[in-house]
$ cat start.tsv   # TSV, C-alpha atoms
chain	number	residue	atom	x	y	z
A	1021	MET	CA	-63.38	-11.25	56.37
A	1022	SER	CA	-65.53	-8.57	54.73
A	1023	THR	CA	-67.29	-9.12	51.42
A	1024	SER	CA	-65.17	-6.61	49.53
A	1025	ALA	CA	-61.97	-8.12	50.94
A	1026	SER	CA	-63.21	-11.56	49.97
A	1027	GLN	CA	-64.05	-10.37	46.46
A	1028	ALA	CA	-60.65	-8.70	46.16
A	1029	ALA	CA	-58.95	-11.95	47.20
A	1030	GLU	CA	-61.06	-13.90	44.67
A	1031	HIS	CA	-60.20	-11.41	41.93
A	1032	LYS	CA	-56.52	-11.61	42.84
A	1033	GLN	CA	-56.67	-15.42	42.69
A	1034	LEU	CA	-58.54	-15.25	39.36
A	1035	LEU	CA	-55.97	-12.84	37.96
A	1036	ALA	CA	-53.18	-15.17	39.08
A	1037	THR	CA	-54.96	-18.02	37.28
A	1038	LEU	CA	-55.69	-16.06	34.09
A	1039	THR	CA	-52.31	-14.37	33.66
A	1040	PRO	CA	-50.39	-17.50	32.60
A	1041	ILE	CA	-53.28	-18.56	30.34
A	1042	ALA	CA	-53.25	-15.15	28.64
A	1043	ALA	CA	-49.46	-15.26	28.33
A	1044	ASN	CA	-49.69	-18.73	26.80
A	1045	TYR	CA	-52.27	-17.40	24.34
A	1046	GLN	CA	-50.09	-14.44	23.37
A	1047	GLU	CA	-47.05	-16.65	22.92
A	1048	ALA	CA	-48.99	-19.08	20.73
A	1049	GLN	CA	-50.35	-16.20	18.62
A	1050	LYS	CA	-46.85	-14.78	18.12
A	1051	ASP	CA	-45.56	-18.23	17.20
A	1052	ALA	CA	-48.35	-18.68	14.66
A	1053	ILE	CA	-47.50	-15.32	13.10
A	1054	THR	CA	-43.80	-16.13	13.01
A	1055	PHE	CA	-44.50	-19.48	11.36
A	1056	GLY	CA	-46.79	-17.73	8.88
A	1057	GLU	CA	-44.00	-15.33	7.91
A	1058	LYS	CA	-41.53	-18.20	7.55
A	1059	LEU	CA	-44.10	-20.11	5.48
A	1060	ALA	CA	-44.42	-17.20	3.06
A	1061	LYS	CA	-40.63	-17.08	2.60
A	1062	VAL	CA	-40.31	-20.83	2.12
A	1063	LYS	CA	-43.22	-20.85	-0.36
A	1064	ALA	CA	-41.51	-18.15	-2.41
A	1065	SER	CA	-38.22	-20.04	-2.30
A	1066	LEU	CA	-39.99	-23.26	-3.23
A	1067	GLU	CA	-41.60	-21.62	-6.27
A	1068	LYS	CA	-38.19	-20.41	-7.46
A	1069	SER	CA	-36.62	-23.79	-6.72
A	1070	THR	CA	-39.36	-25.63	-8.59
A	1071	GLN	CA	-38.81	-23.41	-11.60
A	1072	THR	CA	-35.04	-23.94	-11.40
A	1073	SER	CA	-35.59	-27.69	-11.17
A	1074	LYS	CA	-37.78	-27.64	-14.29
A	1075	THR	CA	-35.30	-25.45	-16.15
A	1076	THR	CA	-32.30	-27.66	-15.32
A	1077	ALA	CA	-34.23	-30.79	-16.30
A	1078	GLN	CA	-35.15	-29.19	-19.63
A	1079	GLN	CA	-31.54	-28.10	-20.22
A	1080	LEU	CA	-30.35	-31.66	-19.57
A	1081	ASN	CA	-32.96	-33.04	-21.94
A	1082	ASP	CA	-31.98	-30.53	-24.64
A	1083	LEU	CA	-28.30	-31.45	-24.30
A	1084	GLN	CA	-29.10	-35.16	-24.49
A	1085	GLN	CA	-31.24	-34.67	-27.62
A	1086	THR	CA	-28.52	-32.61	-29.27
A	1087	GLN	CA	-25.94	-35.25	-28.39
A	1088	ILE	CA	-28.13	-37.97	-29.94
A	1089	LYS	CA	-28.55	-35.92	-33.14
A	1090	GLN	CA	-24.79	-35.43	-33.29
A	1091	GLN	CA	-24.14	-39.15	-32.82
A	1092	ILE	CA	-26.63	-39.97	-35.58
A	1093	ALA	CA	-24.97	-37.45	-37.91
A	1094	ARG	CA	-21.53	-39.01	-37.18
A	1095	LEU	CA	-22.89	-42.47	-38.00
A	1096	ALA	CA	-24.57	-41.16	-41.16
A	1097	ALA	CA	-21.32	-39.58	-42.32
A	1098	LYS	CA	-19.65	-43.02	-42.17
A	1099	LEU	CA	-22.32	-44.75	-44.28
A	1100	GLU	CA	-21.16	-46.17	-47.61
A	1101	PRO	CA	-23.44	-47.13	-50.50
A	1102	GLY	CA	-24.28	-50.84	-50.37
A	1103	ALA	CA	-22.93	-51.25	-46.80
A	1104	PRO	CA	-25.48	-52.02	-44.06
A	1105	CYS	CA	-26.52	-49.20	-41.72
A	1106	PRO	CA	-25.15	-49.87	-38.19
A	1107	VAL	CA	-28.51	-48.75	-36.72
A	1108	CYS	CA	-31.19	-50.34	-38.94
A	1109	GLY	CA	-29.25	-52.64	-41.26
A	1110	SER	CA	-30.58	-51.11	-44.47
A	1111	LEU	CA	-28.36	-51.28	-47.54
A	1112	GLU	CA	-29.86	-48.12	-49.02
A	1113	HIS	CA	-29.37	-44.71	-47.42
A	1114	PRO	CA	-31.68	-42.27	-49.22
A	1115	HIS	CA	-32.21	-39.82	-46.31
A	1116	ARG	CA	-28.98	-39.50	-44.39
A	1117	ALA	CA	-28.94	-37.38	-41.26
A	1118	VAL	CA	-27.08	-34.11	-41.64
A	1119	ALA	CA	-24.58	-32.74	-39.14
A	1120	THR	CA	-25.97	-30.13	-36.78
A	1121	THR	CA	-24.46	-26.68	-36.44
A	1122	GLU	CA	-24.73	-26.76	-32.66
A	1123	PRO	CA	-21.57	-27.01	-30.57
A	1124	LEU	CA	-20.45	-30.54	-29.79
A	1125	VAL	CA	-22.09	-31.89	-26.62
A	1126	THR	CA	-19.60	-33.80	-24.51
A	1127	GLU	CA	-20.19	-36.38	-21.80
A	1128	ALA	CA	-18.73	-33.86	-19.34
A	1129	ALA	CA	-21.42	-31.33	-20.32
A	1130	ILE	CA	-24.11	-33.98	-19.86
A	1131	LYS	CA	-22.67	-34.95	-16.48
A	1132	GLN	CA	-22.52	-31.31	-15.36
A	1133	ALA	CA	-26.13	-30.73	-16.44
A	1134	GLU	CA	-27.23	-33.89	-14.62
A	1135	GLN	CA	-25.50	-32.70	-11.43
A	1136	ALA	CA	-27.20	-29.31	-11.70
A	1137	ARG	CA	-30.56	-31.05	-12.15
A	1138	GLN	CA	-29.95	-33.29	-9.14
A	1139	GLN	CA	-28.92	-30.33	-6.96
A	1140	ALA	CA	-32.01	-28.36	-7.99
A	1141	ALA	CA	-34.25	-31.37	-7.30
A	1142	ALA	CA	-32.62	-31.91	-3.89
A	1143	LYS	CA	-33.13	-28.27	-2.94
A	1144	GLU	CA	-36.76	-28.47	-4.04
A	1145	THR	CA	-37.28	-31.59	-1.90
A	1146	THR	CA	-35.66	-29.90	1.11
A	1147	LEU	CA	-37.91	-26.86	0.75
A	1148	GLN	CA	-41.00	-29.07	0.43
A	1149	THR	CA	-40.05	-30.77	3.69
A	1150	GLN	CA	-39.46	-27.39	5.39
A	1151	LEU	CA	-42.83	-26.18	4.13
A	1152	LYS	CA	-44.62	-29.23	5.50
A	1153	ASN	CA	-42.88	-28.86	8.89
A	1154	LEU	CA	-43.72	-25.16	9.12
A	1155	GLU	CA	-47.35	-25.84	8.23
A	1156	GLU	CA	-47.51	-28.41	11.03
A	1157	GLN	CA	-45.85	-26.02	13.49
A	1158	GLN	CA	-48.22	-23.20	12.54
A	1159	ALA	CA	-51.23	-25.50	12.95
A	1160	ALA	CA	-49.94	-26.55	16.40
A	1161	ALA	CA	-49.46	-22.90	17.42
A	1162	ASN	CA	-52.96	-22.02	16.20
A	1163	LYS	CA	-54.38	-24.95	18.15
A	1164	LYS	CA	-52.43	-23.92	21.25
A	1165	ALA	CA	-53.81	-20.38	20.94
A	1166	SER	CA	-57.34	-21.68	20.50
A	1167	VAL	CA	-57.04	-23.94	23.54
A	1168	ALA	CA	-55.62	-21.09	25.64
A	1169	LYS	CA	-58.45	-18.79	24.54
A	1170	HIS	CA	-61.05	-21.41	25.46
A	1171	ASP	CA	-59.31	-22.06	28.79
A	1172	PHE	CA	-59.40	-18.34	29.50
A	1173	VAL	CA	-63.11	-18.06	28.69
A	1174	ASP	CA	-63.95	-21.26	30.58
A	1175	THR	CA	-62.05	-20.07	33.65
A	1176	LEU	CA	-63.94	-16.80	33.56
A	1177	ALA	CA	-67.27	-18.57	33.07
A	1178	GLN	CA	-66.64	-20.53	36.26
A	1179	GLN	CA	-66.52	-17.26	38.21
A	1180	PRO	CA	-70.15	-16.12	38.40
A	1181	ASN	CA	-69.31	-13.30	40.83
A	1182	PHE	CA	-66.68	-11.89	38.49
A	1183	MET	CA	-68.82	-11.71	35.39
A	1184	SER	CA	-72.12	-10.31	36.47
A	1185	SER	CA	-73.73	-10.28	33.06
A	1186	GLU	CA	-73.58	-11.52	29.51
A	1187	ALA	CA	-72.25	-8.07	28.62
A	1188	ASP	CA	-69.18	-8.69	30.80
A	1189	HIS	CA	-68.63	-12.00	29.01
A	1190	ASP	CA	-68.99	-10.32	25.60
A	1191	ASP	CA	-66.68	-7.50	26.68
A	1192	ILE	CA	-63.97	-9.96	27.68
A	1193	LEU	CA	-64.34	-11.83	24.39
A	1194	ALA	CA	-64.06	-8.51	22.55
A	1195	GLN	CA	-60.90	-7.72	24.49
A	1196	LEU	CA	-59.47	-11.13	23.59
A	1197	ASP	CA	-60.27	-10.52	19.93
A	1198	ALA	CA	-58.63	-7.07	20.15
A	1199	LEU	CA	-55.57	-8.69	21.74
A	1200	GLU	CA	-55.51	-11.25	18.93
A	1201	THR	CA	-55.69	-8.46	16.34
A	1202	GLU	CA	-52.98	-6.44	18.10
A	1203	THR	CA	-50.76	-9.52	18.32
A	1204	GLY	CA	-51.27	-10.03	14.60
A	1205	LYS	CA	-49.75	-6.59	13.93
A	1206	ILE	CA	-46.46	-7.53	15.63
$ encode --input "start.tsv" --output "structure tokens"
Amino acid sequence: MSTSASQAAEHKQLLATLTPIAANYQEAQKDAITFGEKLAKVKASLEKSTQTSKTTAQQLNDLQQTQIKQQIARLAAKLEPGAPCPVCGSLEHPHRAVATTEPLVTEAAIKQAEQARQQAAAKETTLQTQLKNLEEQQAAANKKASVAKHDFVDTLAQQPNFMSSEADHDDILAQLDALETETGKI
């Protein structure tokens, strides 16, 4: 077999070896980008959910405080001079609590606020879990891309006849970087 035919066969074999490695690299890069986009969406949703969770917890707390003030005012309205206070036992009542002007807080309103708080907290927890999973998947895709890139370069480095100079090696690395940049635009 002639030298040029032998080189052509070697190049064909090398191309057959490198093609799946390059495809694996491209796939991993696309996956990493997709996971990055999903991460951004989940992070935004998580920020909103965290705020909603804080808001519903504060609303529940406000309702509970108002309900306590209303209960105290009801007890104070029933106090009689010389009769012991049902809370502290004092016989004197110089500073009675005054009824609030806020609407009456019912147990149903408290229960509804508690359910809203629980739902918001559950959604926040779910989004935190999704975020963690996506971060792990993105890291795995980045690692897969890195391994494929190194495999590609190592396979080329084992072919001294194919890369005749350091410039060829640098050119291939530049092409891989360009491919990585182009994949990032998808």
$ closest_residue --input "start.tsv" --among "A:Lys1098, A:Lys1169, A:Lys1152, A:Lys1089" --to "Pro1123 in chain A" --atoms "all atoms listed in the file"
A:Lys1089
$ residues_around --input "start.tsv" --residues "His1170 in chain A" --least-positions-apart "6" --cutoff "12 Å" --atoms "only C-alpha atoms" --output "number ranges by chain"
A: 1038, 1041-1042, 1044-1045, 1163-1164, 1176-1177, 1193, 1196
$ write_last_selection --input "start.tsv" --atoms "C-alpha atoms" --output "compact mmCIF listing (two decimals), keeping the file's coordinate frame"
# COMPACT_ATOMS: atom_id res chain seq x y z
CA LEU A 1038 -55.69 -16.06 34.09
CA ILE A 1041 -53.28 -18.56 30.34
CA ALA A 1042 -53.25 -15.15 28.64
CA ASN A 1044 -49.69 -18.73 26.80
CA TYR A 1045 -52.27 -17.40 24.34
CA LYS A 1163 -54.38 -24.95 18.15
CA LYS A 1164 -52.43 -23.92 21.25
CA LEU A 1176 -63.94 -16.80 33.56
CA ALA A 1177 -67.27 -18.57 33.07
CA LEU A 1193 -64.34 -11.83 24.39
CA LEU A 1196 -59.47 -11.13 23.59
$ atom_distance --input "start.tsv" --atom1 "CA of Ala1141 in chain A" --atom2 "CA of Asn1081 in chain A"
14.8 Å
$ axis_aligned_box --input "start.tsv" --around "range 1057-1075 of chain A" --padding-each-side "3 Å" --output "AutoDock Vina command-line options"
--center_x -39.7 --center_y -21.5 --center_z -4.1 --size_x 15.4 --size_y 18.4 --size_z 30.1
$ closest_residue --input "start.tsv" --among "A:Ile1088, A:Ala1165, A:Ala1025, A:Leu1099" --to "Glu1127 in chain A" --atoms "all atoms listed in the file"
A:Ile1088
$ atom_distance --input "start.tsv" --atom1 "CA of Glu1134 in chain A" --atom2 "CA of Ile1092 in chain A"
21.8 Å
$ atom_distance --input "start.tsv" --atom1 "CA of Leu1080 in chain A" --atom2 "CA of Gln1135 in chain A"
9.5 Å
$ residues_around --input "start.tsv" --residues "range 1054-1056 of chain A" --least-positions-apart "3" --cutoff "6 Å" --atoms "all atoms listed in the file" --output "list in words"
Asp1051, Leu1059 and Gln1158 of chain A
$ write_last_selection --input "start.tsv" --atoms "C-alpha atoms" --output "PDB file, keeping the file's coordinate frame"
ATOM      1  CA  ASP A1051     -45.560 -18.230  17.200  1.00  0.00           C
ATOM      2  CA  LEU A1059     -44.100 -20.110   5.480  1.00  0.00           C
ATOM      3  CA  GLN A1158     -48.220 -23.200  12.540  1.00  0.00           C
TER       4      GLN A1158
END
$ closest_residue --input "start.tsv" --among "A:Gln1085, A:Ala1052, A:Ser1026, A:Val1167" --to "Glu1122 in chain A" --atoms "all atoms listed in the file"
A:Gln1085
$ residues_near_point --input "start.tsv" --point "(-27.2, -36.6, -49.6)" --cutoff "12 Å" --atoms "only C-alpha atoms" --output "number ranges by chain"
A: 1093, 1096-1097, 1099-1101, 1112-1119
$ closest_residue --input "start.tsv" --among "A:Val1173, A:Ala1077, A:Leu1151, A:Cys1105" --to "Ala1136 in chain A" --atoms "only C-alpha atoms"
A:Ala1077
$ closest_residue --input "start.tsv" --among "A:Gln1179, A:Glu1057, A:Asp1197, A:Lys1143" --to "Leu1035 in chain A" --atoms "only C-alpha atoms"
A:Gln1179
$ closest_residue --input "start.tsv" --among "A:Thr1201, A:Ser1065, A:Gln1033, A:Gln1049" --to "Gln1148 in chain A" --atoms "all atoms listed in the file"
A:Ser1065
$ residues_around --input "start.tsv" --residues "Leu1147 in chain A" --least-positions-apart "2" --cutoff "12 Å" --atoms "all atoms listed in the file" --output "PDB file with C-alpha atoms, in the coordinates of the input"
ATOM      1  CA  LYS A1058     -41.530 -18.200   7.550  1.00  0.00           C
ATOM      2  CA  LEU A1059     -44.100 -20.110   5.480  1.00  0.00           C
ATOM      3  CA  ALA A1060     -44.420 -17.200   3.060  1.00  0.00           C
ATOM      4  CA  LYS A1061     -40.630 -17.080   2.600  1.00  0.00           C
ATOM      5  CA  VAL A1062     -40.310 -20.830   2.120  1.00  0.00           C
ATOM      6  CA  LYS A1063     -43.220 -20.850  -0.360  1.00  0.00           C
ATOM      7  CA  ALA A1064     -41.510 -18.150  -2.410  1.00  0.00           C
ATOM      8  CA  SER A1065     -38.220 -20.040  -2.300  1.00  0.00           C
ATOM      9  CA  LEU A1066     -39.990 -23.260  -3.230  1.00  0.00           C
ATOM     10  CA  GLU A1067     -41.600 -21.620  -6.270  1.00  0.00           C
ATOM     11  CA  LYS A1068     -38.190 -20.410  -7.460  1.00  0.00           C
ATOM     12  CA  SER A1069     -36.620 -23.790  -6.720  1.00  0.00           C
ATOM     13  CA  THR A1070     -39.360 -25.630  -8.590  1.00  0.00           C
ATOM     14  CA  ALA A1140     -32.010 -28.360  -7.990  1.00  0.00           C
ATOM     15  CA  ALA A1141     -34.250 -31.370  -7.300  1.00  0.00           C
ATOM     16  CA  ALA A1142     -32.620 -31.910  -3.890  1.00  0.00           C
ATOM     17  CA  LYS A1143     -33.130 -28.270  -2.940  1.00  0.00           C
ATOM     18  CA  GLU A1144     -36.760 -28.470  -4.040  1.00  0.00           C
ATOM     19  CA  THR A1145     -37.280 -31.590  -1.900  1.00  0.00           C
ATOM     20  CA  THR A1149     -40.050 -30.770   3.690  1.00  0.00           C
ATOM     21  CA  GLN A1150     -39.460 -27.390   5.390  1.00  0.00           C
ATOM     22  CA  LEU A1151     -42.830 -26.180   4.130  1.00  0.00           C
ATOM     23  CA  LYS A1152     -44.620 -29.230   5.500  1.00  0.00           C
ATOM     24  CA  ASN A1153     -42.880 -28.860   8.890  1.00  0.00           C
ATOM     25  CA  LEU A1154     -43.720 -25.160   9.120  1.00  0.00           C
TER      26      LEU A1154
END
$ residues_near_point --input "start.tsv" --point "(-24.2, -46.0, -37.0)" --cutoff "6 Å" --atoms "only C-alpha atoms" --output "PyMOL selection string"
chain A and resi 1095+1106-1107
$ decode --input "start.tsv" --residues "range 1065-1086 of chain A" --atoms "C-alpha atoms" --output "CSV table (one decimal), in the first residue's frame"
chain,number,residue,atom,x,y,z
A,1065,SER,CA,-39.1,31.1,40.7
A,1066,LEU,CA,-37.4,30.2,44.0
A,1067,GLU,CA,-36.8,33.9,44.7
A,1068,LYS,CA,-40.5,34.6,44.2
A,1069,SER,CA,-41.5,31.6,46.2
A,1070,THR,CA,-39.2,32.6,49.1
A,1071,GLN,CA,-40.7,36.0,49.2
A,1072,THR,CA,-44.3,34.5,49.1
A,1073,SER,CA,-43.3,32.2,51.9
A,1074,LYS,CA,-42.1,35.1,54.0
A,1075,THR,CA,-45.1,37.2,53.2
A,1076,THR,CA,-47.6,34.4,54.1
A,1077,ALA,CA,-45.7,33.7,57.4
A,1078,GLN,CA,-45.9,37.4,58.3
A,1079,GLN,CA,-49.6,37.5,57.4
A,1080,LEU,CA,-50.2,34.5,59.7
A,1081,ASN,CA,-48.2,36.1,62.5
A,1082,ASP,CA,-50.1,39.4,62.1
A,1083,LEU,CA,-53.5,37.6,62.2
A,1084,GLN,CA,-52.4,35.6,65.3
A,1085,GLN,CA,-51.3,38.8,67.1
A,1086,THR,CA,-54.5,40.6,66.2
